[in-house]
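Enquirer: This is the structure, below, for whatever I ask next.
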Amino acid sequence: GAELRTEAALRWRAATSGGVVVQTERGEYHGDRLVITAGAWAGSLLADLRLPLEVVRKPLYWYSTATDAYRVERGCPTFLFELPEGIFYGFPQLGPEGIKVAEHTGGRAVTDPLLLDRDIDRADQCRVEAFLNGYLPSVRAVCNRHAACMYTLTPDRHFVVDRHPQF
């Protein structure tokens with residue numbers, strides 16, 4: 001019975017007659033229940049809870065490989081390496097861009113999610129390429145694509161899945 005809306009939520013409140021009211025960039029919605037999955041915007045939408053959330057920039061890179069062993073069709077799994085220099089993960093090659101690789105640890109603080117720097121940061125890329133050289137040597141250091149996403153972190157790095165304490 002849920003209705004999915006993908007638009008920017010500006011604020012929400014409990015309705016005086018019960019349920020909730022959500023104000024978005026496109027209008028106002030009324031509902032019986034609300035599930036907030038706001039990612040980097042959770043801090044502002046849940047400001048009344050004063051959650052100690054930190055948003056960090058996480059760059060992602062796609063690299064060519066010297067072998068087809070990293071293709072999903074060849075059975076390459078998703079991988080994660082916990083190393084003294086950081087935690088690195090990746091996904092098998094699904095298309096022509098190569099395998100997707102990123103660093104799970106670290107990340108530069110993001111103060112405004114709408115102003116996320118999506119350019120390549122050479123220091124971030126060098127850490128990922130050092131990982132590739134040391135642990136996946138048949139992956140070429142030729143970056144075919146890059147992107148940046150955001151992690152929203154709690155102090156203990158656990159997820160927040162809960163009900164609002166007042167509602």
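Starting from 1 in every chain, residues are counted up; chains themselves are A, B, ... following the order of the structure tokens, and ligands are numbered from 1 as listed.
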With the cut-off set at 12 Å and counting only C-alpha atoms, tabulate each residue of range 49-92 of chain A with an atom at most that distance from an atom of range 162-166 of chain A, showing the nearest atom pair and its distance in Å to one decimal, ordered by chain and increasing number, as a tab-separated table.

Expert:
```
residue	atom	partner	partner_atom	distance
A:Leu49	CA	A:His164	CA	8.3
A:Arg50	CA	A:His164	CA	11.9
A:Leu51	CA	A:His164	CA	11.6
```

Enquirer: Determine, counting only C-alpha atoms, which protein, DNA and RNA residues have an atom within 9 Å of an atom of Glu103 in chain A; residues of the same chain fewer than 6 positions away are not included. Present the result as a PDB file with N, CA, C and O atoms, in the first residue's frame.

Expert:
```pdb
ATOM      1  N   LYS A  58      32.942   9.874  -0.952  1.00  0.00           N
ATOM      2  CA  LYS A  58      33.535   8.578  -1.278  1.00  0.00           C
ATOM      3  C   LYS A  58      33.691   8.456  -2.800  1.00  0.00           C
ATOM      4  O   LYS A  58      32.713   8.284  -3.522  1.00  0.00           O
ATOM      5  N   PRO A  59      34.918   8.545  -3.294  1.00  0.00           N
ATOM      6  CA  PRO A  59      35.132   8.401  -4.732  1.00  0.00           C
ATOM      7  C   PRO A  59      35.127   6.933  -5.167  1.00  0.00           C
ATOM      8  O   PRO A  59      35.547   6.048  -4.421  1.00  0.00           O
ATOM      9  N   LEU A  60      34.648   6.711  -6.371  1.00  0.00           N
ATOM     10  CA  LEU A  60      34.579   5.379  -6.981  1.00  0.00           C
ATOM     11  C   LEU A  60      35.305   5.434  -8.318  1.00  0.00           C
ATOM     12  O   LEU A  60      35.237   6.447  -9.020  1.00  0.00           O
ATOM     13  N   GLY A  86      43.949   0.553   5.027  1.00  0.00           N
ATOM     14  CA  GLY A  86      42.548   0.905   4.796  1.00  0.00           C
ATOM     15  C   GLY A  86      41.737  -0.284   4.328  1.00  0.00           C
ATOM     16  O   GLY A  86      42.258  -1.386   4.139  1.00  0.00           O
ATOM     17  N   ILE A  87      40.461  -0.051   4.152  1.00  0.00           N
ATOM     18  CA  ILE A  87      39.547  -1.086   3.643  1.00  0.00           C
ATOM     19  C   ILE A  87      39.177  -0.701   2.219  1.00  0.00           C
ATOM     20  O   ILE A  87      38.689   0.405   1.960  1.00  0.00           O
ATOM     21  N   PHE A  88      39.391  -1.637   1.291  1.00  0.00           N
ATOM     22  CA  PHE A  88      39.117  -1.411  -0.123  1.00  0.00           C
ATOM     23  C   PHE A  88      38.144  -2.483  -0.606  1.00  0.00           C
ATOM     24  O   PHE A  88      38.198  -3.627  -0.159  1.00  0.00           O
ATOM     25  N   TYR A  89      37.264  -2.097  -1.515  1.00  0.00           N
ATOM     26  CA  TYR A  89      36.273  -3.054  -2.022  1.00  0.00           C
ATOM     27  C   TYR A  89      36.067  -2.832  -3.510  1.00  0.00           C
ATOM     28  O   TYR A  89      36.493  -1.823  -4.078  1.00  0.00           O
ATOM     29  N   GLY A  90      35.403  -3.791  -4.111  1.00  0.00           N
ATOM     30  CA  GLY A  90      35.114  -3.640  -5.531  1.00  0.00           C
ATOM     31  C   GLY A  90      34.082  -4.626  -6.015  1.00  0.00           C
ATOM     32  O   GLY A  90      33.651  -5.530  -5.292  1.00  0.00           O
ATOM     33  N   ASP A 124      43.142  10.603  -3.357  1.00  0.00           N
ATOM     34  CA  ASP A 124      42.213   9.470  -3.209  1.00  0.00           C
ATOM     35  C   ASP A 124      42.503   8.399  -4.250  1.00  0.00           C
ATOM     36  O   ASP A 124      42.559   7.207  -3.952  1.00  0.00           O
ATOM     37  N   ARG A 127      45.636   6.270  -3.552  1.00  0.00           N
ATOM     38  CA  ARG A 127      45.450   5.211  -2.540  1.00  0.00           C
ATOM     39  C   ARG A 127      44.794   3.984  -3.164  1.00  0.00           C
ATOM     40  O   ARG A 127      45.186   2.850  -2.896  1.00  0.00           O
ATOM     41  N   VAL A 128      43.792   4.198  -4.008  1.00  0.00           N
ATOM     42  CA  VAL A 128      43.124   3.073  -4.670  1.00  0.00           C
ATOM     43  C   VAL A 128      44.087   2.381  -5.632  1.00  0.00           C
ATOM     44  O   VAL A 128      44.158   1.150  -5.686  1.00  0.00           O
TER      45      VAL A 128
END
```

Enquirer: When you count only C-alpha atoms, which of these residues is closest to Leu116 in chain A: A:Ala9, A:Gly18, A:Trp41, A:Arg57?

Expert: A:Arg57

Enquirer: For a quick check of understanding, using only C-alpha atoms, which of A:Gly107, A:Asp156, A:Pro137, A:Arg26 has the smallest distance to Ala123 in chain A?

Expert: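 Of A:Gly107, A:Asp156, A:Pro137, A:Arg26, the one nearest Ala123 in chain A, counting only C-alpha atoms, is A:Gly107.
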
Enquirer: Among range 5-159 of chain A, which residues carry a DSSP assignment of strand (DSSP E), reported as a VMD selection string?

Expert: chain A and resid 9 to 14 20 to 24 28 to 31 54 to 65 79 to 83 86 to 91 99 to 103 108 to 109 139 to 153

Enquirer: Skipping near chain neighbours, those fewer than 3 positions away, what residues fall within 7 Å of Cys143 in chain A using only C-alpha atoms, listed as an NGL selection string?

Expert: :A and (61-63)

Enquirer: Go ahead and compute the interatomic distance for CA of Val139 in chain A and CA of Phe79 in chain A, in Å to one decimal.

Expert: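 Those two atoms sit 13.8 Å apart.
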
Enquirer: Apply DSSP to the structure's backbone, then extract all residues of range 23-160 of chain A labelled helix (DSSP H, G or I) and return them as JSON, numbers by chain.

Expert: {"A": [39, 40, 41, 42, 43, 44, 45, 47, 48, 49, 68, 69, 70, 72, 73, 74, 113, 114, 115, 122, 123, 124, 125, 126, 127, 128, 129, 130, 131, 132, 133, 134, 135]}
